[in-house]
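Below is target-v8.cif, holding mmCIF, C-alpha atoms and all ligand atoms.
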data_structure
loop_
_atom_site.label_atom_id
_atom_site.label_comp_id
_atom_site.auth_asym_id
_atom_site.auth_seq_id
_atom_site.Cartn_x
_atom_site.Cartn_y
_atom_site.Cartn_z
CA MET A 1 -13.18 98.80 -14.36
CA PRO A 2 -16.04 101.22 -13.59
CA GLU A 3 -15.19 104.19 -11.40
CA PHE A 4 -17.64 103.19 -8.66
CA GLN A 5 -17.92 99.76 -7.09
CA THR A 6 -19.55 98.37 -3.96
CA SER A 7 -17.50 98.90 -0.79
CA PRO A 8 -15.57 95.89 0.57
CA GLY A 9 -17.87 93.34 2.18
CA MET A 10 -20.97 94.86 0.50
CA ARG A 11 -22.76 93.32 -2.47
CA ASP A 12 -25.47 93.98 -5.00
CA ILE A 13 -27.94 91.13 -4.98
CA LEU A 14 -29.32 90.89 -8.50
CA PRO A 15 -32.10 88.79 -10.06
CA PRO A 16 -32.60 85.86 -9.87
CA GLU A 17 -30.59 85.68 -6.60
CA SER A 18 -32.62 88.51 -5.10
CA ALA A 19 -35.83 86.51 -5.66
CA ARG A 20 -34.21 83.61 -3.84
CA TRP A 21 -33.49 85.90 -0.88
CA ARG A 22 -37.14 86.90 -0.78
CA ARG A 23 -38.30 83.29 -0.94
CA PHE A 24 -35.83 82.47 1.87
CA VAL A 25 -37.50 85.01 4.13
CA GLN A 26 -40.94 83.79 3.01
CA VAL A 27 -40.12 80.18 3.92
CA PHE A 28 -38.88 81.38 7.32
CA ALA A 29 -41.99 83.50 7.88
CA ASP A 30 -44.24 80.57 6.95
CA VAL A 31 -42.47 78.30 9.46
CA VAL A 32 -42.47 80.68 12.42
CA GLU A 33 -45.90 82.18 11.81
CA THR A 34 -47.43 78.71 12.19
CA ALA A 35 -46.13 78.91 15.77
CA GLY A 36 -47.65 82.31 16.54
CA TYR A 37 -44.67 84.60 15.94
CA GLY A 38 -45.40 88.11 14.64
CA SER A 39 -42.91 90.09 12.62
CA VAL A 40 -41.11 93.05 14.15
CA ILE A 41 -39.54 95.62 11.87
CA SER A 42 -36.78 97.53 13.64
CA PRO A 43 -34.79 100.58 12.58
CA LEU A 44 -31.41 100.07 10.97
CA LEU A 45 -29.99 102.72 13.29
CA GLU A 46 -30.01 102.75 17.08
CA ASP A 47 -28.49 104.87 19.80
CA ILE A 48 -25.04 103.28 20.11
CA ALA A 49 -25.57 102.96 23.87
CA VAL A 50 -28.18 100.23 23.23
CA PHE A 51 -25.44 97.99 21.84
CA HIS A 52 -22.83 99.06 24.38
CA ARG A 53 -25.25 98.18 27.14
CA VAL A 54 -25.79 94.64 25.90
CA GLY A 55 -22.50 93.67 24.32
CA ASP A 56 -19.59 95.61 25.68
CA ALA A 57 -17.42 92.50 25.98
CA THR A 58 -17.77 91.39 22.37
CA ASP A 59 -15.72 92.25 19.29
CA VAL A 60 -18.96 92.85 17.44
CA VAL A 61 -19.72 95.81 19.69
CA THR A 62 -16.28 97.07 20.62
CA LYS A 63 -14.50 96.78 17.28
CA GLU A 64 -16.89 96.13 14.43
CA MET A 65 -19.68 98.68 14.65
CA TYR A 66 -20.34 101.29 12.00
CA ASP A 67 -21.10 104.43 13.94
CA PHE A 68 -21.40 108.15 13.40
CA ILE A 69 -22.62 111.36 14.98
CA ASP A 70 -25.88 112.48 13.34
CA LYS A 71 -26.84 116.07 12.56
CA GLY A 72 -28.49 116.34 15.97
CA GLY A 73 -25.26 115.36 17.72
CA ARG A 74 -26.49 111.85 18.65
CA HIS A 75 -24.04 108.96 18.61
CA ILE A 76 -25.68 106.41 16.29
CA ALA A 77 -24.73 102.88 15.21
CA LEU A 78 -25.88 100.73 12.31
CA ARG A 79 -27.24 97.64 14.00
CA PRO A 80 -24.76 94.74 14.13
CA GLU A 81 -27.52 92.35 15.27
CA LEU A 82 -31.19 92.47 16.22
CA THR A 83 -31.57 90.98 19.69
CA ALA A 84 -30.64 94.29 21.32
CA SER A 85 -33.16 96.19 19.18
CA VAL A 86 -35.92 93.70 20.01
CA CYS A 87 -35.21 94.03 23.73
CA ARG A 88 -35.13 97.83 23.43
CA ALA A 89 -38.50 97.66 21.63
CA PHE A 90 -39.90 95.45 24.38
CA VAL A 91 -38.93 97.97 27.04
CA GLN A 92 -40.26 100.86 24.97
CA HIS A 93 -43.67 99.33 24.11
CA ARG A 94 -44.24 96.84 26.96
CA PRO A 95 -46.23 94.24 24.97
CA SER A 96 -47.89 91.44 26.91
CA THR A 97 -45.82 88.31 27.43
CA PRO A 98 -44.83 85.87 26.15
CA TRP A 99 -43.85 88.20 23.33
CA LYS A 100 -43.02 86.06 20.31
CA VAL A 101 -41.50 87.90 17.36
CA TRP A 102 -39.51 87.20 14.23
CA TYR A 103 -37.38 89.44 12.08
CA SER A 104 -35.35 89.59 8.92
CA GLY A 105 -32.93 92.14 7.59
CA SER A 106 -29.41 93.41 7.12
CA GLN A 107 -26.83 93.69 9.87
CA PHE A 108 -23.57 95.61 9.66
CA ARG A 109 -20.21 94.56 11.07
CA TYR A 110 -16.82 95.90 10.08
CA GLU A 111 -15.24 92.47 9.65
CA LYS A 112 -12.56 91.17 7.31
CA PRO A 113 -14.56 90.12 4.23
CA GLN A 114 -14.14 86.53 3.02
CA ARG A 115 -16.32 83.64 1.86
CA GLY A 116 -19.41 83.62 4.08
CA ARG A 117 -18.28 86.76 5.93
CA PHE A 118 -19.48 90.17 4.80
CA ARG A 119 -19.79 93.66 6.24
CA GLN A 120 -23.46 93.84 5.34
CA PHE A 121 -25.17 90.50 5.73
CA ASP A 122 -28.70 89.32 6.30
CA GLN A 123 -30.23 87.37 9.13
CA VAL A 124 -33.59 85.93 10.00
CA GLY A 125 -34.37 85.23 13.61
CA ILE A 126 -36.85 84.94 16.44
CA GLU A 127 -36.94 86.15 20.03
CA VAL A 128 -39.35 85.26 22.83
CA LEU A 129 -39.49 87.46 25.89
CA GLY A 130 -41.17 86.63 29.16
CA ALA A 131 -41.17 82.82 29.44
CA ASP A 132 -38.71 80.44 31.07
CA ASP A 133 -40.34 77.13 30.10
CA PRO A 134 -37.89 74.46 28.81
CA TYR A 135 -40.51 73.47 26.23
CA LEU A 136 -40.21 76.98 24.80
CA ASP A 137 -36.52 76.24 24.24
CA VAL A 138 -37.62 73.10 22.40
CA GLU A 139 -40.11 75.09 20.30
CA VAL A 140 -37.49 77.69 19.38
CA ILE A 141 -34.87 75.11 18.40
CA TRP A 142 -37.43 73.03 16.52
CA LEU A 143 -38.45 76.07 14.47
CA GLY A 144 -34.84 76.62 13.39
CA TRP A 145 -34.49 72.95 12.57
CA GLN A 146 -37.78 72.87 10.70
CA PHE A 147 -36.71 75.87 8.63
CA TYR A 148 -33.53 74.13 7.46
CA GLN A 149 -35.62 71.07 6.62
CA GLN A 150 -38.00 73.22 4.57
CA LEU A 151 -35.07 74.61 2.61
CA GLY A 152 -34.07 71.02 1.87
CA LEU A 153 -30.80 71.06 3.84
CA ARG A 154 -29.89 67.62 5.14
CA GLN A 155 -26.38 68.15 6.45
CA VAL A 156 -27.11 70.57 9.28
CA THR A 157 -25.95 69.57 12.75
CA LEU A 158 -27.42 70.97 15.95
CA LEU A 159 -24.93 71.52 18.76
CA LEU A 160 -26.40 71.89 22.23
CA ASN A 161 -25.15 73.02 25.60
CA SER A 162 -26.39 74.63 28.78
CA LEU A 163 -24.48 77.30 30.67
CA GLY A 164 -26.45 76.63 33.84
CA GLU A 165 -27.76 79.37 36.10
CA PRO A 166 -25.78 82.59 36.52
CA ASP A 167 -24.28 81.27 39.79
CA ASP A 168 -23.30 77.97 38.16
CA ARG A 169 -21.76 79.90 35.36
CA ALA A 170 -19.81 82.16 37.73
CA ARG A 171 -18.37 79.17 39.59
CA TYR A 172 -17.52 77.57 36.29
CA VAL A 173 -15.78 80.70 35.00
CA SER A 174 -13.61 80.80 38.16
CA ALA A 175 -12.66 77.14 37.71
CA LEU A 176 -11.89 77.77 34.05
CA GLN A 177 -9.81 80.81 34.88
CA ALA A 178 -7.77 78.82 37.41
CA TYR A 179 -7.30 75.97 34.93
CA PHE A 180 -6.14 78.18 32.06
CA ASP A 181 -3.95 80.28 34.40
CA ALA A 182 -2.18 77.10 35.50
CA ASN A 183 -1.63 76.07 31.87
CA VAL A 184 -1.15 79.45 30.28
CA ASP A 185 2.11 78.47 28.57
CA ALA A 186 0.27 75.93 26.44
CA LEU A 187 -2.23 78.53 25.14
CA SER A 188 -1.88 80.37 21.84
CA GLU A 189 -0.92 84.03 21.98
CA ALA A 190 -4.43 85.05 20.86
CA SER A 191 -6.12 82.90 23.48
CA ARG A 192 -3.94 84.40 26.21
CA THR A 193 -5.32 87.80 25.25
CA THR A 194 -8.85 86.35 25.28
CA LEU A 195 -8.22 84.79 28.69
CA ALA A 196 -7.43 88.17 30.18
CA LYS A 197 -10.87 89.40 29.07
CA ASN A 198 -13.13 86.39 29.33
CA PRO A 199 -12.01 82.81 30.05
CA LEU A 200 -15.23 81.40 28.55
CA ARG A 201 -14.32 82.79 25.14
CA VAL A 202 -11.11 80.73 25.13
CA LEU A 203 -13.37 77.71 24.57
CA ASP A 204 -14.41 79.34 21.26
CA SER A 205 -10.85 79.18 19.96
CA LYS A 206 -10.56 77.24 16.71
CA ARG A 207 -6.72 77.28 16.86
CA ARG A 208 -5.19 73.84 16.67
CA GLU A 209 -2.61 74.49 19.42
CA ASP A 210 -5.41 75.28 21.90
CA ALA A 211 -7.38 72.11 21.19
CA PRO A 212 -5.76 69.70 23.72
CA LEU A 213 -6.09 72.17 26.59
CA ILE A 214 -9.71 72.93 25.71
CA GLN A 215 -10.43 69.23 25.44
CA SER A 216 -9.37 68.60 29.05
CA ALA A 217 -10.78 71.83 30.51
CA PRO A 218 -13.36 71.66 33.33
CA LYS A 219 -16.86 70.93 31.99
CA ILE A 220 -19.84 73.16 32.68
CA ALA A 221 -22.05 70.11 33.31
CA ASP A 222 -20.17 69.49 36.57
CA PHE A 223 -21.31 72.90 37.84
CA TYR A 224 -25.07 72.71 37.17
CA SER A 225 -27.44 73.42 40.04
CA GLU A 226 -30.38 71.05 40.39
CA ALA A 227 -32.75 73.49 38.68
CA ALA A 228 -30.37 74.04 35.76
CA ALA A 229 -29.82 70.33 35.31
CA ALA A 230 -33.59 69.65 35.36
CA HIS A 231 -34.26 72.44 32.83
CA PHE A 232 -31.60 71.14 30.50
CA GLN A 233 -32.83 67.56 30.80
CA ALA A 234 -36.34 68.71 29.88
CA VAL A 235 -34.95 70.46 26.81
CA GLN A 236 -33.11 67.33 25.69
CA ASP A 237 -36.15 65.11 26.31
CA GLY A 238 -38.36 67.55 24.40
CA LEU A 239 -36.01 67.67 21.43
CA SER A 240 -35.97 63.88 21.27
CA GLN A 241 -39.75 63.85 21.49
CA VAL A 242 -40.14 66.17 18.49
CA GLY A 243 -37.46 64.36 16.53
CA VAL A 244 -34.66 66.91 16.43
CA PRO A 245 -31.26 65.19 16.59
CA PHE A 246 -28.57 67.02 18.57
CA THR A 247 -24.95 66.70 19.57
CA MET A 248 -23.87 67.82 23.03
CA ASP A 249 -21.04 70.34 22.89
CA PRO A 250 -19.77 71.46 26.31
CA THR A 251 -17.50 74.04 24.64
CA LEU A 252 -20.43 75.88 23.07
CA VAL A 253 -20.48 79.09 25.09
CA ARG A 254 -21.67 82.58 24.49
CA GLY A 255 -19.32 85.24 25.74
CA LEU A 256 -21.86 87.59 27.23
CA ASP A 257 -22.73 87.41 30.90
CA TYR A 258 -26.41 87.51 30.04
CA TYR A 259 -26.47 84.05 28.52
CA ARG A 260 -27.68 81.28 30.72
CA ARG A 261 -29.10 77.78 30.42
CA THR A 262 -29.65 76.59 26.86
CA THR A 263 -27.24 77.57 24.07
CA PHE A 264 -27.22 76.06 20.61
CA GLU A 265 -25.68 76.40 17.21
CA PHE A 266 -26.62 75.07 13.79
CA GLN A 267 -23.61 74.03 11.73
CA GLY A 268 -23.49 73.40 8.01
CA GLY A 269 -21.87 70.14 7.00
CA THR A 270 -20.26 71.49 3.84
CA LEU A 271 -18.60 74.72 5.02
CA ASP A 272 -15.09 75.39 6.35
CA SER A 273 -14.94 75.35 10.14
CA ALA A 274 -14.27 79.10 10.31
CA GLN A 275 -17.64 79.86 8.69
CA ASN A 276 -19.69 76.77 9.36
CA ALA A 277 -21.97 78.39 11.93
CA LEU A 278 -25.21 78.89 10.00
CA GLY A 279 -26.93 80.28 13.03
CA GLY A 280 -27.07 80.18 16.77
CA GLY A 281 -28.90 81.28 19.82
CA GLY A 282 -29.77 80.67 23.39
CA ARG A 283 -31.37 81.91 26.55
CA TYR A 284 -30.49 85.25 27.96
CA ASP A 285 -31.55 87.08 31.08
CA GLY A 286 -30.84 90.61 32.03
CA LEU A 287 -30.83 92.11 28.54
CA VAL A 288 -34.25 93.66 29.02
CA GLU A 289 -33.31 94.73 32.53
CA SER A 290 -30.08 96.34 31.39
CA LEU A 291 -32.12 98.46 28.97
CA GLY A 292 -34.37 99.69 31.76
CA GLY A 293 -37.12 97.03 31.71
CA PRO A 294 -38.27 94.55 34.36
CA PRO A 295 -36.39 91.26 34.89
CA THR A 296 -37.49 89.23 31.86
CA ALA A 297 -36.45 85.83 30.58
CA GLY A 298 -35.52 85.70 26.92
CA ILE A 299 -34.55 83.21 24.26
CA GLY A 300 -33.91 83.48 20.55
CA PHE A 301 -31.71 82.74 17.62
CA ALA A 302 -30.33 84.46 14.53
CA LEU A 303 -29.63 82.53 11.34
CA GLY A 304 -27.37 83.92 8.65
CA LEU A 305 -28.97 84.06 5.22
CA ASP A 306 -25.71 84.31 3.29
CA ARG A 307 -24.05 81.27 4.78
CA THR A 308 -27.23 79.23 4.70
CA LEU A 309 -27.53 79.92 0.97
CA ILE A 310 -23.90 78.84 0.49
CA ALA A 311 -24.84 75.62 2.30
CA CYS A 312 -27.86 75.29 -0.03
CA ASP A 313 -25.58 75.68 -3.07
CA ASP A 314 -23.22 73.06 -1.68
CA GLU A 315 -26.06 70.62 -1.05
CA GLY A 316 -27.76 71.45 -4.36
CA VAL A 317 -31.05 72.51 -2.77
CA PHE A 318 -33.22 75.67 -2.79
CA PRO A 319 -31.82 76.95 -6.11
CA ALA A 320 -32.26 80.43 -7.50
CA VAL A 321 -35.02 80.35 -10.10
CA SER A 322 -35.54 83.05 -12.71
CA ALA A 323 -38.91 84.59 -12.10
CA GLY A 324 -39.99 84.73 -15.77
CA VAL A 325 -43.48 85.57 -16.99
CA ASP A 326 -46.36 83.48 -18.35
CA VAL A 327 -46.93 85.44 -21.52
CA PHE A 328 -44.82 87.58 -23.85
CA VAL A 329 -46.67 89.99 -26.10
CA VAL A 330 -45.24 90.60 -29.57
CA ASP A 331 -46.65 93.63 -31.36
CA THR A 332 -45.35 94.63 -34.79
CA THR A 333 -47.89 97.43 -35.25
CA GLY A 334 -46.15 100.09 -33.16
CA GLY A 335 -46.57 98.94 -29.57
CA LYS A 336 -49.91 100.42 -28.52
CA GLU A 337 -51.67 97.07 -28.92
CA ALA A 338 -49.04 95.48 -26.68
CA LEU A 339 -49.75 98.13 -24.05
CA HIS A 340 -53.44 97.27 -24.17
CA ILE A 341 -52.98 93.48 -24.16
CA THR A 342 -50.30 93.33 -21.43
CA THR A 343 -52.50 95.51 -19.23
CA GLN A 344 -55.50 93.23 -19.86
CA LEU A 345 -53.45 90.12 -19.05
CA ARG A 346 -51.90 91.60 -15.90
CA VAL A 347 -55.29 92.74 -14.61
CA ALA A 348 -56.50 89.15 -15.10
CA GLY A 349 -53.61 87.95 -12.91
CA ILE A 350 -51.51 86.57 -15.76
CA SER A 351 -47.89 87.78 -15.69
CA ALA A 352 -46.95 89.36 -18.98
CA ASP A 353 -43.99 91.14 -20.50
CA ARG A 354 -43.44 92.73 -23.90
CA ALA A 355 -40.85 94.20 -26.24
CA TYR A 356 -40.23 97.94 -26.53
CA ASP A 357 -38.98 100.34 -29.19
CA ASN A 358 -40.90 98.74 -32.07
CA ARG A 359 -38.30 96.05 -32.77
CA SER A 360 -38.53 93.57 -35.64
CA MET A 361 -40.66 90.44 -35.30
CA LYS A 362 -37.49 88.34 -35.07
CA SER A 363 -36.01 90.44 -32.30
CA GLN A 364 -39.29 90.41 -30.36
CA MET A 365 -39.53 86.61 -30.66
CA LYS A 366 -36.00 86.39 -29.23
CA GLY A 367 -37.22 88.48 -26.31
CA ALA A 368 -40.12 86.05 -25.89
CA ASP A 369 -37.65 83.15 -25.68
CA ARG A 370 -35.46 84.93 -23.17
CA SER A 371 -38.43 85.83 -20.99
CA GLY A 372 -39.13 82.18 -20.24
CA ALA A 373 -42.81 82.73 -21.17
CA ALA A 374 -44.91 79.68 -21.99
CA VAL A 375 -47.00 81.58 -24.52
CA ALA A 376 -46.39 84.33 -27.05
CA VAL A 377 -49.36 86.53 -27.94
CA ILE A 378 -48.73 88.04 -31.35
CA ILE A 379 -50.40 90.98 -33.01
CA GLY A 380 -49.41 92.21 -36.49
CA SER A 381 -51.16 93.95 -39.34
CA ASN A 382 -52.90 90.70 -40.46
CA GLU A 383 -54.33 90.19 -36.98
CA ILE A 384 -55.54 93.80 -36.86
CA GLU A 385 -57.27 93.40 -40.22
CA GLN A 386 -59.05 90.23 -39.14
CA GLY A 387 -59.82 91.43 -35.59
CA VAL A 388 -57.96 88.46 -34.04
CA ILE A 389 -54.88 87.73 -31.98
CA THR A 390 -52.39 84.88 -32.54
CA VAL A 391 -51.58 82.67 -29.56
CA ARG A 392 -48.36 80.68 -29.97
CA PRO A 393 -47.41 78.10 -27.30
CA LEU A 394 -43.64 78.27 -26.84
CA ARG A 395 -43.16 74.91 -25.18
CA GLY A 396 -44.32 71.45 -26.23
CA ASN A 397 -45.72 70.63 -29.63
CA ASP A 398 -48.97 72.58 -29.63
CA ILE A 399 -49.39 74.71 -32.72
CA GLN A 400 -50.40 78.32 -32.83
CA PHE A 401 -53.99 79.45 -33.35
CA THR A 402 -55.92 82.67 -33.58
CA VAL A 403 -58.64 83.86 -31.23
CA ALA A 404 -61.12 86.68 -31.23
CA ARG A 405 -59.94 89.58 -29.08
CA HIS A 406 -62.58 89.09 -26.41
CA ASP A 407 -61.60 85.40 -26.04
CA LEU A 408 -57.91 86.12 -25.48
CA ILE A 409 -57.81 85.84 -21.69
CA GLU A 410 -59.78 82.59 -21.59
CA SER A 411 -57.66 81.04 -24.36
CA VAL A 412 -54.39 82.02 -22.73
CA LYS A 413 -55.57 80.64 -19.40
CA LYS A 414 -56.42 77.32 -21.10
CA VAL A 415 -52.98 77.07 -22.71
CA LEU A 416 -51.25 77.94 -19.44
CA SER A 417 -53.18 75.33 -17.50
P1 LIG A 501 -24.31 85.98 15.52
O1 LIG A 501 -25.28 87.12 15.48
O2 LIG A 501 -22.87 86.43 15.56
O3 LIG A 501 -24.65 84.93 16.54
O4 LIG A 501 -24.42 85.26 14.10
C1 LIG A 501 -25.52 84.49 13.71
C2 LIG A 501 -25.32 84.06 12.29
O5 LIG A 501 -25.23 85.19 11.44
C3 LIG A 501 -24.01 83.33 12.03
O6 LIG A 501 -24.14 81.97 12.32
C4 LIG A 501 -23.78 83.58 10.57
O7 LIG A 501 -24.53 82.69 9.75
C5 LIG A 501 -24.34 84.96 10.38
N1 LIG A 501 -23.24 85.95 10.39
C6 LIG A 501 -22.65 86.55 11.44
N2 LIG A 501 -21.71 87.41 11.03
C7 LIG A 501 -21.70 87.35 9.68
C8 LIG A 501 -20.95 88.02 8.64
N3 LIG A 501 -20.03 88.93 8.91
N4 LIG A 501 -21.20 87.68 7.35
C9 LIG A 501 -22.14 86.77 7.03
N5 LIG A 501 -22.88 86.13 7.96
C10 LIG A 501 -22.66 86.41 9.26
#

Take the structure in the file and give it back as structure tokens.
Amino acid sequence: MPEFQTSPGMRDILPPESARWRRFVQVFADVVETAGYGSVISPLLEDIAVFHRVGDATDVVTKEMYDFIDKGGRHIALRPELTASVCRAFVQHRPSTPWKVWYSGSQFRYEKPQRGRFRQFDQVGIEVLGADDPYLDVEVIWLGWQFYQQLGLRQVTLLLNSLGEPDDRARYVSALQAYFDANVDALSEASRTTLAKNPLRVLDSKRREDAPLIQSAPKIADFYSEAAAAHFQAVQDGLSQVGVPFTMDPTLVRGLDYYRRTTFEFQGGTLDSAQNALGGGGRYDGLVESLGGPPTAGIGFALGLDRTLIACDDEGVFPAVSAGVDVFVVDTTGGKEALHITTQLRVAGISADRAYDNRSMKSQMKGADRSGAAVAVIIGSNEIEQGVITVRPLRGNDIQFTVARHDLIESVKKVLS
């Protein structure tokens, strides 16, 4: 065992998996940029108060943050998520609204590592600030759905709920509190602790003993104001119109007080229930305000890259593909010719690799095989003498031929096409 290893919950992502990660982000960017979202690149570190301000009631913020005092005495945290940073950026730069942005990158949470749960993990996501339109909710959810479709996933389920307006939600929380208080003996130990902090979060419990009580708990839908009900109906109608199937889930709540109206979660069909949330989001108000900005409506989602790729593996879609090169240059005359030819090929936009250290012809040809190249370009003493280069197709039945040096690029292009 080597002396140094990655810390628990942290991983090295090596080729070809790393290329798959990059393609993942590219597919996401392609989907959301067609809808007018621009990318925002946020710092990995923020003043810890930014996260405390937005998430003081969550485990993510109270228990799982990586934080430290920097050399200037500032209390800093590695970001555990990006919504807070985006809202902080909105307040700092005051862009015109609606502000539609997307992001990708690593988040850090000191969690117990397991399958689909890491301490450094990647997310892609979008946020829109400054619009309350139910059809924006539809757009946002559709973009998430469309992304999963583009990856080829077919077993993703969309769960949908609305938390109503803040007043509706407050009345609902009181009713929930009264209900759970009256039945507290039937709750699991863990849920009793949750109840003391936030009755809504009890609905999140995945413990079997809590299921019957949660099943018969008061339903948020009975507390909607007229405006909240109309907004939610418009969202459902819009989703049907754009062909996104959804399942209503009245227990789908977000613990923070800021969440209101639409909430949603994308679940993978192949993962264990503890890690089957591929991504989720919803509407939030007050985040921008709590960071010193004007009252601003917001909606967004974050999708986990790691879990989504596990779902892709399970469904056999979006595989990792070795990058490979088009051409492998074999030079048995010392290596300078290979330097010249690879440079020429690369400048012409043809990907090319080569062998180093003046290996034998046999060893270089092995390298050509391993590289996945479609063509080997070979230069030895015979070729030098005759002023030609040998082009050997490595796939199919075409036989090798020689070309004049100045015809190399054209000939290689022909073989590759
Ligand atoms: P959240 O920001 O908690 O709403 O999470 C959004 C998505 O990020 C989840 O649905 C997961 O796919 C992913 N995620 C959250 N925490 C982790 C973690 N510790 N490891 C891997 N993925 C995670």

Per residue of chain A within 10 Å of ligand LIG 501 (chain A), note the shortest atom pair and the distance in Å to one decimal, counting only C-alpha atoms and all ligand atoms, and order the rows by chain and increasing residue number, as CSV.
residue,atom,partner,partner_atom,distance
A:Gly9,CA,A:LIG501,N3,8.3
A:Met10,CA,A:LIG501,N4,9.9
A:Thr58,CA,A:LIG501,O2,9.8
A:Asp59,CA,A:LIG501,O2,9.9
A:Val60,CA,A:LIG501,O2,7.7
A:Glu64,CA,A:LIG501,N3,9.6
A:Pro80,CA,A:LIG501,O1,7.8
A:Glu81,CA,A:LIG501,O1,5.7
A:Leu82,CA,A:LIG501,O1,8.0
A:Thr83,CA,A:LIG501,O1,8.5
A:Ser106,CA,A:LIG501,N5,9.8
A:Gln107,CA,A:LIG501,C7,8.2
A:Phe108,CA,A:LIG501,N3,7.6
A:Arg109,CA,A:LIG501,N3,6.0
A:Tyr110,CA,A:LIG501,N3,7.8
A:Glu111,CA,A:LIG501,N3,6.0
A:Lys112,CA,A:LIG501,N3,8.0
A:Pro113,CA,A:LIG501,N3,7.3
A:Gln114,CA,A:LIG501,N4,8.4
A:Arg115,CA,A:LIG501,N4,8.4
A:Gly116,CA,A:LIG501,C9,5.1
A:Arg117,CA,A:LIG501,N4,3.4
A:Phe118,CA,A:LIG501,N4,4.0
A:Arg119,CA,A:LIG501,N3,5.4
A:Gln120,CA,A:LIG501,N4,6.9
A:Phe121,CA,A:LIG501,C9,5.0
A:Asp122,CA,A:LIG501,N5,6.8
A:Gln123,CA,A:LIG501,O5,5.9
A:Val124,CA,A:LIG501,O5,8.5
A:Gly125,CA,A:LIG501,C1,8.9
A:Arg254,CA,A:LIG501,O3,8.8
A:Glu265,CA,A:LIG501,O6,7.6
A:Phe266,CA,A:LIG501,O6,7.5
A:Gln267,CA,A:LIG501,O6,8.0
A:Gly268,CA,A:LIG501,O7,9.5
A:Gln275,CA,A:LIG501,C4,7.4
A:Asn276,CA,A:LIG501,O6,7.5
A:Ala277,CA,A:LIG501,O6,4.2
A:Leu278,CA,A:LIG501,O7,3.9
A:Gly279,CA,A:LIG501,O6,3.3
A:Gly280,CA,A:LIG501,O3,5.3
A:Gly281,CA,A:LIG501,O3,6.5
A:Gly282,CA,A:LIG501,O3,9.6
A:Phe301,CA,A:LIG501,O3,7.5
A:Ala302,CA,A:LIG501,C1,4.9
A:Leu303,CA,A:LIG501,C2,4.7
A:Gly304,CA,A:LIG501,O7,3.3
A:Leu305,CA,A:LIG501,O7,6.5
A:Asp306,CA,A:LIG501,C9,5.7
A:Arg307,CA,A:LIG501,O7,5.2
A:Thr308,CA,A:LIG501,O7,6.7
A:Leu309,CA,A:LIG501,O7,9.7

Neighbouring residues of range 214-221 of chain A were defined as those with any atom within 12 Å, considering only C-alpha atoms; residues of the same chain fewer than 6 positions away were excluded. Please report them as a VMD selection string. chain A and resid 161 to 184 186 to 188 191 199 to 208 228 to 230 232 to 233 248 to 253 260 to 262

Excluding same-chain residues fewer than 4 positions from Ser371 in chain A, what lies within 8 Å of it counting all atoms listed in the file, as a list in words?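 Answer for this query is Gly324, Val325, Phe328, Asp353 and Gly367 of chain A.
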
Grab the residues selected above and save them as a PDB file, in the frame of the given file with C-alpha atoms.
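Final output, out-v1.pdb:
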ATOM      1  CA  GLY A 324     -39.990  84.730 -15.770  1.00  0.00           C
ATOM      2  CA  VAL A 325     -43.480  85.570 -16.990  1.00  0.00           C
ATOM      3  CA  PHE A 328     -44.820  87.580 -23.850  1.00  0.00           C
ATOM      4  CA  ASP A 353     -43.990  91.140 -20.500  1.00  0.00           C
ATOM      5  CA  GLY A 367     -37.220  88.480 -26.310  1.00  0.00           C
TER       6      GLY A 367
END

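From CA of Val25 in chain A back to CA of Leu239 in chain A, the distance works out to 24.5 Å.
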